[in-house]
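*Asks:* For reference, the file entry20.cif (mmCIF, C-alpha atoms) is included below:
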```cif
data_entry
#
loop_
_atom_site.label_atom_id
_atom_site.label_comp_id
_atom_site.auth_asym_id
_atom_site.auth_seq_id
_atom_site.Cartn_x
_atom_site.Cartn_y
_atom_site.Cartn_z
CA MET A 1 23.70 -4.61 -16.30
CA THR A 2 21.85 -4.97 -13.05
CA SER A 3 18.35 -6.28 -13.06
CA SER A 4 15.93 -5.99 -10.19
CA GLY A 5 13.55 -8.59 -11.58
CA GLU A 6 9.98 -8.22 -12.66
CA LEU A 7 7.20 -6.54 -10.76
CA PRO A 8 3.58 -7.51 -11.31
CA ILE A 9 0.96 -4.88 -12.03
CA ASN A 10 -2.37 -6.21 -10.88
CA GLY A 11 -3.93 -3.40 -8.92
CA ASN A 12 -3.71 0.24 -7.94
CA GLY A 13 -1.45 -0.69 -5.04
CA ASP A 14 1.00 -2.23 -7.52
CA VAL A 15 1.13 1.02 -9.49
CA VAL A 16 2.23 2.79 -6.30
CA LEU A 17 4.82 0.08 -5.70
CA VAL A 18 6.15 0.38 -9.26
CA ARG A 19 6.52 4.13 -8.75
CA GLN A 20 8.49 3.60 -5.55
CA GLU A 21 10.77 0.96 -7.10
CA VAL A 22 11.39 3.12 -10.18
CA ARG A 23 12.22 6.11 -7.99
CA ALA A 24 14.72 4.04 -6.00
CA ALA A 25 16.29 2.68 -9.21
CA ALA A 26 16.41 6.16 -10.78
CA LEU A 27 18.27 7.41 -7.74
CA GLU A 28 20.69 4.50 -8.03
CA ALA A 29 21.26 5.22 -11.74
CA GLY A 30 22.22 8.77 -10.81
CA LEU A 31 19.35 10.57 -12.55
CA SER A 32 18.76 14.19 -11.62
CA LEU A 33 15.70 15.16 -9.59
CA VAL A 34 13.85 16.38 -12.67
CA ASP A 35 14.71 13.21 -14.61
CA GLN A 36 13.74 11.04 -11.65
CA THR A 37 10.35 12.71 -11.51
CA LYS A 38 9.93 12.32 -15.28
CA ILE A 39 10.71 8.61 -15.40
CA VAL A 40 8.59 7.97 -12.30
CA THR A 41 5.68 9.79 -13.92
CA ALA A 42 6.16 7.87 -17.19
CA ALA A 43 6.26 4.61 -15.21
CA SER A 44 3.06 5.60 -13.45
CA GLU A 45 1.32 6.29 -16.78
CA LEU A 46 2.48 3.09 -18.47
CA ALA A 47 1.74 0.91 -15.44
CA ARG A 48 -1.74 2.35 -15.21
CA ASN A 49 -2.26 1.81 -18.93
CA ALA A 50 -1.33 -1.85 -18.52
CA LEU A 51 -3.75 -2.10 -15.61
CA VAL A 52 -6.67 -0.25 -17.20
CA TYR A 53 -6.46 -1.43 -20.80
CA ALA A 54 -4.95 -4.89 -20.42
CA GLY A 55 -6.23 -5.81 -16.96
CA GLY A 56 -2.67 -6.13 -15.64
CA GLY A 57 0.89 -6.74 -16.73
CA ARG A 58 4.51 -6.73 -15.63
CA VAL A 59 7.40 -4.35 -15.55
CA ARG A 60 11.12 -5.07 -15.59
CA ILE A 61 13.35 -2.39 -14.09
CA GLU A 62 17.00 -2.38 -15.20
CA ILE A 63 19.93 -0.06 -14.79
CA VAL A 64 21.76 0.00 -18.11
CA ARG A 65 25.13 1.39 -19.16
CA ASN A 66 26.22 2.95 -22.41
CA GLY A 67 29.89 3.59 -22.02
CA VAL A 68 30.20 5.78 -18.96
CA ARG A 69 26.58 6.88 -19.03
CA ALA A 70 24.11 5.13 -16.79
CA GLY A 71 20.44 4.96 -17.50
CA LEU A 72 17.23 3.37 -16.39
CA ARG A 73 15.32 1.03 -18.66
CA LEU A 74 11.75 -0.03 -17.98
CA THR A 75 10.05 -2.78 -19.93
CA PHE A 76 6.28 -2.99 -19.60
CA SER A 77 4.56 -6.02 -21.00
CA ASP A 78 0.99 -7.23 -20.93
CA ASP A 79 -1.18 -9.87 -22.57
CA GLY A 80 -4.06 -7.52 -23.21
CA PRO A 81 -5.99 -6.85 -26.41
CA GLY A 82 -3.10 -4.90 -27.96
CA ILE A 83 -3.22 -1.56 -29.78
CA PRO A 84 -4.73 -1.70 -33.29
CA ASP A 85 -3.52 1.74 -34.44
CA ILE A 86 -0.28 2.71 -32.74
CA GLU A 87 0.03 6.05 -34.50
CA GLN A 88 -3.38 7.16 -33.39
CA ALA A 89 -2.69 5.91 -29.83
CA LEU A 90 0.29 8.26 -29.70
CA VAL A 91 -1.74 11.34 -30.64
CA ASP A 92 -2.23 13.83 -27.78
CA GLY A 93 -5.74 13.74 -26.41
CA TRP A 94 -6.67 10.42 -27.99
CA THR A 95 -8.18 7.98 -25.52
CA THR A 96 -10.42 4.97 -25.64
CA GLY A 97 -10.93 5.24 -21.88
CA ASN A 98 -11.95 8.29 -19.89
CA GLY A 99 -8.55 9.77 -19.12
CA LEU A 100 -6.93 12.87 -20.55
CA GLY A 101 -5.42 10.96 -23.47
CA LEU A 102 -1.93 12.13 -22.62
CA GLY A 103 -0.52 9.08 -20.87
CA LEU A 104 1.11 7.33 -23.81
CA SER A 105 2.07 10.38 -25.86
CA GLY A 106 3.21 12.25 -22.75
CA SER A 107 5.31 9.31 -21.57
CA ARG A 108 7.09 9.27 -24.91
CA ARG A 109 8.12 12.89 -24.34
CA LEU A 110 9.18 12.20 -20.75
CA VAL A 111 11.84 9.63 -21.71
CA ASP A 112 14.83 9.53 -24.07
CA GLU A 113 14.05 6.28 -25.86
CA PHE A 114 10.60 4.89 -26.47
CA ASP A 115 9.78 1.65 -28.20
CA LEU A 116 6.25 0.35 -28.57
CA ARG A 117 5.40 -3.04 -30.00
CA SER A 118 1.83 -4.16 -30.17
CA ALA A 119 -0.66 -5.93 -32.38
CA PRO A 120 -4.31 -6.74 -31.86
CA GLY A 121 -4.64 -9.84 -29.73
CA GLU A 122 -0.93 -10.06 -29.02
CA GLY A 123 -0.51 -7.79 -26.03
CA THR A 124 1.73 -4.77 -25.76
CA LEU A 125 5.45 -4.38 -25.07
CA ILE A 126 6.78 -0.93 -24.24
CA THR A 127 10.44 -0.24 -23.53
CA VAL A 128 11.50 3.18 -22.28
CA THR A 129 14.96 4.41 -21.34
CA LYS A 130 16.08 7.54 -19.54
CA TRP A 131 19.79 8.38 -19.54
CA ALA A 132 21.57 10.27 -16.81
CA ARG A 133 22.98 13.56 -17.99
CA MET B 1 4.25 -55.42 12.92
CA THR B 2 1.78 -52.81 11.85
CA VAL B 3 -0.63 -51.11 14.13
CA PRO B 4 -3.92 -49.94 12.66
CA VAL B 5 -4.35 -46.19 12.75
CA ASP B 6 -7.63 -46.50 14.59
CA ALA B 7 -6.00 -48.33 17.46
CA GLY B 8 -3.34 -45.64 17.73
CA ARG B 9 -5.94 -42.95 17.68
CA ARG B 10 -7.96 -44.65 20.40
CA ARG B 11 -4.88 -45.05 22.58
CA ILE B 12 -4.07 -41.33 22.27
CA GLU B 13 -7.64 -40.41 23.16
CA GLU B 14 -7.37 -42.61 26.24
CA LEU B 15 -4.07 -41.05 27.23
CA LEU B 16 -5.46 -37.56 26.74
CA GLU B 17 -8.29 -38.43 29.10
CA GLU B 18 -6.20 -40.20 31.75
CA HIS B 19 -3.42 -37.62 31.96
CA GLU B 20 -5.38 -34.45 31.38
CA GLU B 21 -4.02 -32.59 34.38
CA GLN B 22 -0.42 -33.62 33.78
CA ILE B 23 -0.51 -32.70 30.06
CA LEU B 24 -2.14 -29.36 30.78
CA GLY B 25 0.53 -28.53 33.33
CA ARG B 26 3.37 -29.44 31.02
CA TRP B 27 1.76 -27.65 28.07
CA PHE B 28 1.50 -24.46 30.09
CA GLU B 29 5.19 -24.71 31.03
CA ILE B 30 6.36 -25.49 27.49
CA ALA B 31 4.24 -22.75 25.92
CA GLY B 32 5.70 -20.34 28.46
CA THR B 33 9.30 -21.08 27.52
CA MET B 34 8.50 -21.22 23.79
CA SER B 35 6.91 -17.81 23.60
CA GLY B 36 9.64 -16.17 25.62
CA GLY B 37 8.01 -16.42 29.03
CA HIS B 38 5.13 -14.04 28.47
CA VAL B 39 2.16 -16.24 27.83
CA ASP B 40 -0.06 -13.92 29.79
CA ARG B 41 1.24 -10.65 28.39
CA GLY B 42 -1.23 -7.83 28.46
CA GLY B 43 -4.40 -9.78 29.03
CA ALA B 44 -3.88 -12.17 26.14
CA ALA B 45 -4.05 -15.19 28.41
CA VAL B 46 -4.25 -18.55 26.70
CA PRO B 47 -7.29 -20.54 27.78
CA PHE B 48 -5.31 -23.82 27.84
CA GLY B 49 -8.03 -25.74 29.65
CA GLU B 50 -10.77 -24.68 27.31
CA ILE B 51 -8.71 -25.40 24.20
CA TYR B 52 -7.72 -28.79 25.57
CA ARG B 53 -11.31 -29.79 26.29
CA ALA B 54 -12.46 -28.47 22.90
CA LEU B 55 -9.73 -30.56 21.28
CA ARG B 56 -10.93 -33.67 23.08
CA ARG B 57 -14.52 -32.94 22.11
CA SER B 58 -13.42 -32.56 18.49
CA LEU B 59 -11.71 -35.98 18.69
CA THR B 60 -14.86 -37.72 19.83
CA GLY B 61 -16.41 -36.09 16.78
CA SER B 62 -19.61 -34.89 18.39
CA GLU B 63 -19.37 -31.40 16.92
CA GLY B 64 -16.71 -31.55 14.20
CA GLY B 65 -14.16 -29.25 15.82
CA SER B 66 -15.90 -25.95 15.11
CA ASP B 67 -15.68 -25.12 18.82
CA LEU B 68 -11.93 -25.68 18.80
CA ARG B 69 -11.46 -23.61 15.64
CA GLY B 70 -13.44 -20.80 17.19
CA LEU B 71 -11.24 -20.84 20.28
CA LEU B 72 -8.02 -20.93 18.24
CA ALA B 73 -9.24 -18.13 15.99
CA GLU B 74 -10.09 -16.05 19.06
CA LEU B 75 -6.63 -16.80 20.50
CA SER B 76 -4.94 -15.72 17.25
CA ARG B 77 -6.94 -12.55 16.99
CA SER B 78 -6.35 -11.44 20.56
CA ARG B 79 -2.64 -12.21 20.30
CA ALA B 80 -2.34 -10.37 16.97
CA ARG B 81 -3.82 -7.32 18.67
CA HIS B 82 -1.46 -7.65 21.61
CA GLY B 83 1.57 -7.63 19.34
CA PHE B 84 2.66 -11.27 19.55
CA THR B 85 4.46 -12.67 16.51
CA PRO B 86 2.70 -15.41 14.54
CA SER B 87 5.47 -17.85 15.54
CA GLU B 88 4.84 -17.15 19.21
CA THR B 89 1.15 -17.77 18.68
CA ALA B 90 1.57 -20.97 16.69
CA SER B 91 4.25 -22.32 19.02
CA VAL B 92 1.74 -22.24 21.87
CA VAL B 93 -0.30 -24.77 19.92
CA PHE B 94 2.75 -26.79 18.87
CA GLY B 95 3.77 -26.97 22.53
CA LEU B 96 0.94 -29.42 23.10
CA LYS B 97 2.79 -32.00 20.98
CA GLU B 98 5.75 -32.00 23.32
CA ALA B 99 3.54 -32.30 26.37
CA VAL B 100 1.67 -35.24 24.90
CA TYR B 101 4.85 -36.88 23.64
CA GLU B 102 6.16 -37.16 27.18
CA ILE B 103 3.05 -39.13 28.12
CA VAL B 104 3.33 -41.28 24.99
CA GLU B 105 6.97 -42.02 25.75
CA ALA B 106 6.09 -43.05 29.28
CA ASP B 107 3.31 -45.28 27.92
CA GLY B 108 5.67 -46.83 25.37
CA THR B 109 3.12 -49.02 23.56
CA PRO B 110 3.31 -49.27 19.74
CA GLU B 111 -0.29 -48.07 19.58
CA ALA B 112 0.56 -44.88 21.42
CA LEU B 113 3.58 -44.20 19.20
CA ARG B 114 1.59 -44.84 16.02
CA GLY B 115 -1.18 -42.67 17.34
CA PHE B 116 1.24 -39.89 18.15
CA ILE B 117 2.09 -39.49 14.45
CA TRP B 118 -1.59 -38.96 13.75
CA PHE B 119 -1.97 -36.63 16.74
CA SER B 120 1.11 -34.64 15.71
CA ARG B 121 -0.34 -34.09 12.26
CA LEU B 122 -3.59 -32.92 13.82
CA VAL B 123 -1.82 -30.41 16.07
CA ASP B 124 0.22 -29.17 13.10
CA GLU B 125 -3.01 -28.52 11.25
CA HIS B 126 -4.38 -26.54 14.17
CA GLY B 127 -1.10 -24.65 14.53
CA LEU B 128 -1.21 -23.67 10.86
CA PHE B 129 -4.81 -22.66 11.31
CA THR B 130 -3.80 -20.19 14.04
CA PHE B 131 -1.11 -18.92 11.68
CA GLU B 132 -3.67 -18.25 8.97
CA THR B 133 -6.11 -16.62 11.34
CA TYR B 134 -3.27 -14.53 12.69
CA ALA B 135 -2.42 -13.29 9.19
CA ALA B 136 -6.08 -12.55 8.47
CA ALA B 137 -6.39 -10.63 11.75
CA ARG B 138 -3.26 -8.63 10.94
CA GLU B 139 -4.62 -7.80 7.49
CA ARG B 140 -7.82 -6.57 9.08
CA ILE B 141 -5.83 -4.29 11.39
CA ILE B 142 -3.84 -2.93 8.43
CA ALA B 143 -6.98 -2.33 6.38
CA ASP B 144 -8.57 -0.51 9.32
CA GLN B 145 -5.49 1.63 9.76
CA ALA B 146 -5.33 2.44 6.05
CA GLU B 147 -8.89 3.66 6.25
CA GLN B 148 -8.16 5.76 9.32
CA LEU B 149 -5.10 7.16 7.60
CA LEU B 150 -7.22 8.10 4.60
CA GLU B 151 -9.50 10.07 6.86
CA LEU B 152 -6.64 11.61 8.81
CA SER B 153 -4.45 12.48 5.88
CA THR B 154 -6.91 14.75 4.16
CA PRO B 155 -7.58 17.63 6.51
CA VAL B 156 -9.27 20.77 5.27
CA VAL B 157 -7.95 23.76 7.20
CA LYS B 158 -9.23 27.28 7.40
CA LEU B 159 -6.54 29.80 6.54
CA TRP B 160 -8.57 32.99 6.74
CA GLU B 161 -12.18 34.05 6.82
CA GLY B 162 -13.49 32.71 3.51
CA ILE B 163 -10.30 30.83 2.57
CA VAL B 164 -9.76 27.11 3.16
CA ALA B 165 -6.77 24.95 2.25
CA VAL B 166 -6.26 21.24 1.57
CA PRO B 167 -2.65 20.14 2.02
CA LEU B 168 -2.27 16.93 0.03
CA VAL B 169 0.43 14.48 1.05
CA GLY B 170 1.34 11.22 -0.64
CA THR B 171 -0.28 9.27 -3.41
CA LEU B 172 -3.42 10.71 -4.88
CA ASP B 173 -5.52 7.84 -6.15
CA SER B 174 -9.20 7.72 -6.96
CA ALA B 175 -10.26 6.81 -3.42
CA ARG B 176 -8.19 9.60 -1.87
CA THR B 177 -9.45 12.16 -4.37
CA GLN B 178 -13.01 11.17 -3.62
CA VAL B 179 -12.44 11.81 0.09
CA VAL B 180 -10.61 15.08 -0.60
CA MET B 181 -13.31 16.33 -2.93
CA GLU B 182 -16.15 15.46 -0.56
CA LYS B 183 -14.40 17.07 2.39
CA LEU B 184 -13.47 20.18 0.48
CA LEU B 185 -16.94 20.74 -0.92
CA GLN B 186 -18.50 20.10 2.48
CA THR B 187 -16.14 22.57 4.15
CA LEU B 188 -16.84 25.18 1.49
CA VAL B 189 -20.53 24.98 2.35
CA GLU B 190 -20.02 24.89 6.12
CA THR B 191 -17.64 27.82 6.26
CA GLY B 192 -19.20 29.79 3.42
CA SER B 193 -15.76 30.09 1.87
CA GLU B 194 -15.30 31.35 -1.65
CA HIS B 195 -11.63 30.49 -1.99
CA ALA B 196 -9.85 27.19 -1.68
CA VAL B 197 -6.16 26.41 -1.94
CA ILE B 198 -5.14 22.87 -2.92
CA ASP B 199 -1.52 22.40 -1.91
CA ILE B 200 0.34 19.55 -3.64
CA THR B 201 3.77 20.11 -2.08
CA GLY B 202 3.56 16.63 -0.55
CA VAL B 203 2.50 14.83 -3.73
CA PRO B 204 5.60 13.08 -5.12
CA ALA B 205 4.50 12.80 -8.74
CA VAL B 206 1.73 14.37 -10.76
CA ASP B 207 0.70 12.11 -13.61
CA THR B 208 -2.32 12.46 -15.88
CA GLN B 209 -4.60 10.68 -13.43
CA VAL B 210 -3.64 12.96 -10.54
CA ALA B 211 -4.02 15.98 -12.82
CA GLN B 212 -7.43 14.81 -13.92
CA HIS B 213 -8.50 14.33 -10.29
CA LEU B 214 -7.28 17.83 -9.45
CA LEU B 215 -9.10 19.34 -12.44
CA LYS B 216 -12.34 17.61 -11.46
CA THR B 217 -12.06 18.83 -7.87
CA VAL B 218 -11.50 22.41 -9.06
CA MET B 219 -14.46 22.16 -11.45
CA ALA B 220 -16.71 20.83 -8.71
CA ALA B 221 -15.67 23.68 -6.39
CA ARG B 222 -16.38 26.16 -9.19
CA LEU B 223 -19.87 24.79 -9.61
CA MET B 224 -20.40 25.73 -5.99
CA GLY B 225 -19.15 29.22 -6.60
CA ALA B 226 -15.71 28.83 -5.10
CA GLU B 227 -12.39 29.56 -6.79
CA CYS B 228 -9.51 27.17 -6.35
CA VAL B 229 -5.79 27.87 -6.45
CA ILE B 230 -3.36 24.98 -6.82
CA SER B 231 -0.13 25.59 -4.94
CA GLY B 232 3.07 23.78 -4.13
CA ILE B 233 4.16 23.11 -7.71
CA ARG B 234 7.84 22.32 -7.40
CA PRO B 235 10.26 22.79 -10.34
CA GLN B 236 10.51 19.10 -11.22
CA ILE B 237 6.72 18.76 -11.13
CA ALA B 238 6.28 21.81 -13.36
CA HIS B 239 8.81 20.33 -15.79
CA THR B 240 7.00 17.02 -15.87
CA ILE B 241 3.55 18.54 -16.28
CA VAL B 242 4.70 20.61 -19.25
CA THR B 243 6.41 17.63 -20.91
CA LEU B 244 3.39 15.42 -20.36
CA GLY B 245 1.27 18.08 -22.04
CA ILE B 246 -1.22 18.60 -19.22
CA GLU B 247 -2.96 21.95 -19.38
CA PHE B 248 -4.42 23.50 -16.29
CA GLY B 249 -6.25 26.06 -18.41
CA ASP B 250 -7.38 29.09 -16.48
CA ILE B 251 -6.79 27.54 -13.08
CA VAL B 252 -4.49 29.70 -11.00
CA THR B 253 -1.37 27.85 -9.86
CA LYS B 254 1.31 29.09 -7.47
CA ALA B 255 4.71 27.83 -6.40
CA SER B 256 4.07 28.07 -2.69
CA LEU B 257 1.18 28.04 -0.27
CA ALA B 258 2.16 31.54 0.84
CA ASP B 259 1.80 32.88 -2.71
CA ALA B 260 -1.57 31.17 -3.02
CA LEU B 261 -2.76 32.70 0.25
CA VAL B 262 -1.74 36.17 -0.88
CA HIS B 263 -3.55 35.63 -4.18
CA ALA B 264 -6.70 34.42 -2.44
CA LEU B 265 -6.60 37.31 0.05
CA ARG B 266 -6.28 39.84 -2.77
CA GLN B 267 -9.14 38.18 -4.61
CA SER B 268 -11.36 38.34 -1.56
CA GLY B 269 -10.63 42.04 -1.25
CA VAL B 270 -8.22 42.10 1.66
CA GLU B 271 -6.10 45.23 1.41
CA PHE B 272 -2.47 44.98 2.28
CA ALA B 273 -0.95 47.95 3.99
CA GLU B 274 2.06 48.79 1.92
CA ALA B 275 5.17 47.71 3.71
CA ARG B 276 7.69 50.40 4.41
CA SER B 277 10.06 50.72 1.53
CA PRO B 278 13.28 48.92 2.32
CA ARG B 279 15.86 51.18 3.77
CA ILE B 280 18.91 51.53 1.69
CA ALA B 281 21.98 51.81 3.77
CA VAL B 282 24.73 53.73 2.16
CA ARG B 283 28.07 53.21 3.64
CA THR B 284 30.85 55.42 2.76
CA GLU B 285 34.36 54.46 3.36
CA ALA B 286 36.09 56.97 5.51
CA GLY B 287 39.00 58.62 3.92
#
```
Would you write out, as C-alpha cells, the structure that this file holds?
*Replies:*
Amino acid sequence: MTSSGELPINGNGDVVLVRQEVRAAALEAGLSLVDQTKIVTAASELARNALVYAGGGRVRIEIVRNGVRAGLRLTFSDDGPGIPDIEQALVDGWTTGNGLGLGLSGSRRLVDEFDLRSAPGEGTLITVTKWAR
Amino acid sequence: MTVPVDAGRRRIEELLEEHEEQILGRWFEIAGTMSGGHVDRGGAAVPFGEIYRALRRSLTGSEGGSDLRGLLAELSRSRARHGFTPSETASVVFGLKEAVYEIVEADGTPEALRGFIWFSRLVDEHGLFTFETYAAARERIIADQAEQLLELSTPVVKLWEGIVAVPLVGTLDSARTQVVMEKLLQTLVETGSEHAVIDITGVPAVDTQVAQHLLKTVMAARLMGAECVISGIRPQIAHTIVTLGIEFGDIVTKASLADALVHALRQSGVEFAEARSPRIAVRTEAG
C-alpha cells in the first residue's frame, strides 16, 4: 500500500489541490478516464463538504490493492459538528446549506465503496474506494 | 575575561564610523561575487551607501531603524520584481558581515570580537527581514497575476450576429463564475444577443457546485430574455453528471461547440442551404 500522506482542506484553493492530487493518484492506480473523473468529482464534493459544513478537514489519499486489482482510497476526516441523521443526509436533494443536495448522495453513487461514520459533536469520517476495472 | 556587551557594541560603532569607506568598498565587492556578479542587473542597483548610513543611524538609536527597514523593504521589492532569488537578495545583506569582520580582525581587540557577535546577529535579523519582505512581494505579484488571469481567462466572444459564446477553461469556483456571469450578461446587453453558448470543454470536472453555478448563469441569462446552450460535455463528464444525479432540466446541452452553434443559428432563424446530397460512387469491377 502506498500512501501519499494527508492533505489539509482549509480553503477553496485546497479543494482544487485535492482534486489535482486525486487525479494524479487515480492515473497512477490505473483508473479509466471515466472512473478518474468520477473519483475526482466525488473528492471535490466531499472536500467541499468538509470545508463548508465542518470549516475544514483532511484527506488521506492511498493506492490500495486487492489481489491484482488496484484501487484508490480516499479518507476524509473533520472535527466539525457531525451529522445527526446520516440516512437523511444521504437522501437526494437534502441539504442544510444552499447547494443542490446531491454532493453526499451523488458521491456514494460515484464510488464503489462508501463508508460514513459520524455522530453529533464528534466530526465526520468518510472513506471511499474506487477500484480499477 | 568577559567583555560587557555594551563595550563591544560601542567598539563596533566606532569601527563602522572610522572605516566607512573601506567597509563599503569591500561590501560592494563581496555582494557582487555572492549574487553571481550582477548586483546592478536591470536597474535593481543596491544603494549600499544609503543602507550603510541608515544602519549606522539605527545603531545610534535616533529613529529606531524604521529608515533602514524601509530601505531594505524597497530593495527586496525591487529585486523580487527584477527576478532575483531571495537568497541573492539576502546574501547582499549578509555580505556586510564579511566586510565588517575583516575590519574587526584587523582591530583584534576583545571588545571588537565580542561586538561582532552582536553585530552579526543584527545583520542576520536584517537579512531575514529582506527574506520576508521578498516573500511578501512575490505573493503580491502572484495575487496580481491571479487576478489578471481571472479577467483574461473568461472572454466572451461573438460567434454570429445575436450569438455569443463563453469558452470556460479550468476550475470554475464562485469567484470565476461571478466574473463569467457578469461578463456574459453585460455582453448580452451590449450586443443585443438572444443566444449564448457556454462551452465547458476546458472544465476538468463538473461537480454539484459547478453545475449549480452553470444553472444560475443560465437562469440569469433567461431573465434577460436570452437562451443558453451548454456545450462541450465530454463522455466522462456526462457519465459523472448522470451518476451524481444532477438534472439540467430543459436547458439545451450539446456535445460540441459546433453543434451548439448550429442549434443557436437554427433557433435564431438562420436557414441552411441544403448541402448537396453526397455522391455515391459505384465502382464496378471490370470483368
*Asks:* Apply the PyMOL selection byres ((chain A) within 6 of (chain B)) to the structure shown and report the selected residues as a list of chain:residue names.
*Replies:*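 Taken on the displayed file, the PyMOL selection byres ((chain A) within 6 of (chain B)) yields the residues A:Val34, A:Lys38, A:Thr41, A:Gly106.
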*Asks:* Leaving out range 92-109 of chain B and any residue of its chain fewer than 3 positions from it, which residues lie within 8 Å of it when counting all atoms listed in the file, given as a tab-separated table (two decimals) with C-alpha atoms, keeping the file's coordinate frame?
*Replies:*
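Output (selection00.tsv):
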```
chain	number	residue	atom	x	y	z
B	12	ILE	CA	-4.07	-41.33	22.27
B	15	LEU	CA	-4.07	-41.05	27.23
B	16	LEU	CA	-5.46	-37.56	26.74
B	19	HIS	CA	-3.42	-37.62	31.96
B	23	ILE	CA	-0.51	-32.70	30.06
B	24	LEU	CA	-2.14	-29.36	30.78
B	26	ARG	CA	3.37	-29.44	31.02
B	27	TRP	CA	1.76	-27.65	28.07
B	30	ILE	CA	6.36	-25.49	27.49
B	31	ALA	CA	4.24	-22.75	25.92
B	32	GLY	CA	5.70	-20.34	28.46
B	34	MET	CA	8.50	-21.22	23.79
B	35	SER	CA	6.91	-17.81	23.60
B	88	GLU	CA	4.84	-17.15	19.21
B	89	THR	CA	1.15	-17.77	18.68
B	112	ALA	CA	0.56	-44.88	21.42
B	113	LEU	CA	3.58	-44.20	19.20
B	116	PHE	CA	1.24	-39.89	18.15
B	119	PHE	CA	-1.97	-36.63	16.74
B	120	SER	CA	1.11	-34.64	15.71
B	123	VAL	CA	-1.82	-30.41	16.07
B	124	ASP	CA	0.22	-29.17	13.10
B	126	HIS	CA	-4.38	-26.54	14.17
B	127	GLY	CA	-1.10	-24.65	14.53
```
*Asks:* What does the distance from CA of Ala135 in chain B to CA of Leu51 in chain A come to in Å, to one decimal?
*Replies:*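 Calculated distance between CA of Ala135 in chain B and CA of Leu51 in chain A is 27.2 Å.
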*Asks:* Nearest residue to Pro120 in chain A out of A:Glu87, A:Glu28, A:Asp14, A:Asp79, using only C-alpha atoms?
*Replies:*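 Of A:Glu87, A:Glu28, A:Asp14, A:Asp79, the one nearest Pro120 in chain A, counting only C-alpha atoms, is A:Asp79.
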*Asks:* Any chance you could work out the residue set of the PyMOL selection byres ((chain A and resi 50) around 12) here, as number ranges by chain?
*Replies:* A: 8-12, 14-15, 43-49, 51-59, 75-83, 103-104, 123-126
*Asks:* Give as number ranges by chain the set of residues within 7 Å of the point (-13.3, 28.1, -6.5), where distances use the file's coordinates and only C-alpha atoms.
*Replies:* B: 194-196, 218, 221-222, 225-228
*Asks:* If we count all atoms listed in the file and set the cut-off at 10 Å, which residues sit around Arg60 in chain A, ignoring sequence neighbours fewer than 6 positions away in its own chain? Please answer as a list in words.
*Replies:*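 Contacts, in chain order: Ser3, Ser4, Gly5, Glu6, Leu7, Pro8, Val18, Val22, Arg73, Leu74, Thr75, Phe76, Ser77 and Thr127 of chain A.
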*Asks:* Show me, as AutoDock Vina command-line options, the centre and edge lengths in Å to one decimal of the axis-aligned box that covers every listed atom of range 108-113 of chain A with 8 Å on each side.
*Replies:*
```
--center_x 11.0 --center_y 9.6 --center_z -23.3 --size_x 23.7 --size_y 22.6 --size_z 21.1
```
*Asks:* For a test of reading the model, state the distance in Å between CA of Val270 in chain B and CA of Val197 in chain B, rounded to one decimal.
*Replies:*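 Computing it gives 16.2 Å between the two atoms.
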*Asks:* Would you mind listing what lies within 10 Å of Asp112 in chain A as a list in words, with only C-alpha atoms counted and same-chain residues fewer than 4 positions away left out?
*Replies:* Ile39, Gly71, Ser107, Arg108, Val128, Thr129, Lys130, Trp131 and Ala132 of chain A
*Asks:* Return the single residue from B:Ile142, B:Leu184, B:Ala136, B:Ala165 that is closest to Met224 in chain B, with distances computed using all atoms listed in the file.
*Replies:* B:Leu184
*Asks:* Name the closest residue to Leu100 in chain A among the candidates B:Val203, B:Val210, B:Val180, B:Leu72; distances are taken between atoms, counting all atoms listed in the file.
*Replies:*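 Nearest to Leu100 in chain A: B:Val210.
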*Asks:* In Å, how far is it from CA of Gly13 in chain A to CA of Gly99 in chain A?
*Replies:*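 Between CA of Gly13 in chain A and CA of Gly99 in chain A the gap works out to 18.9 Å.
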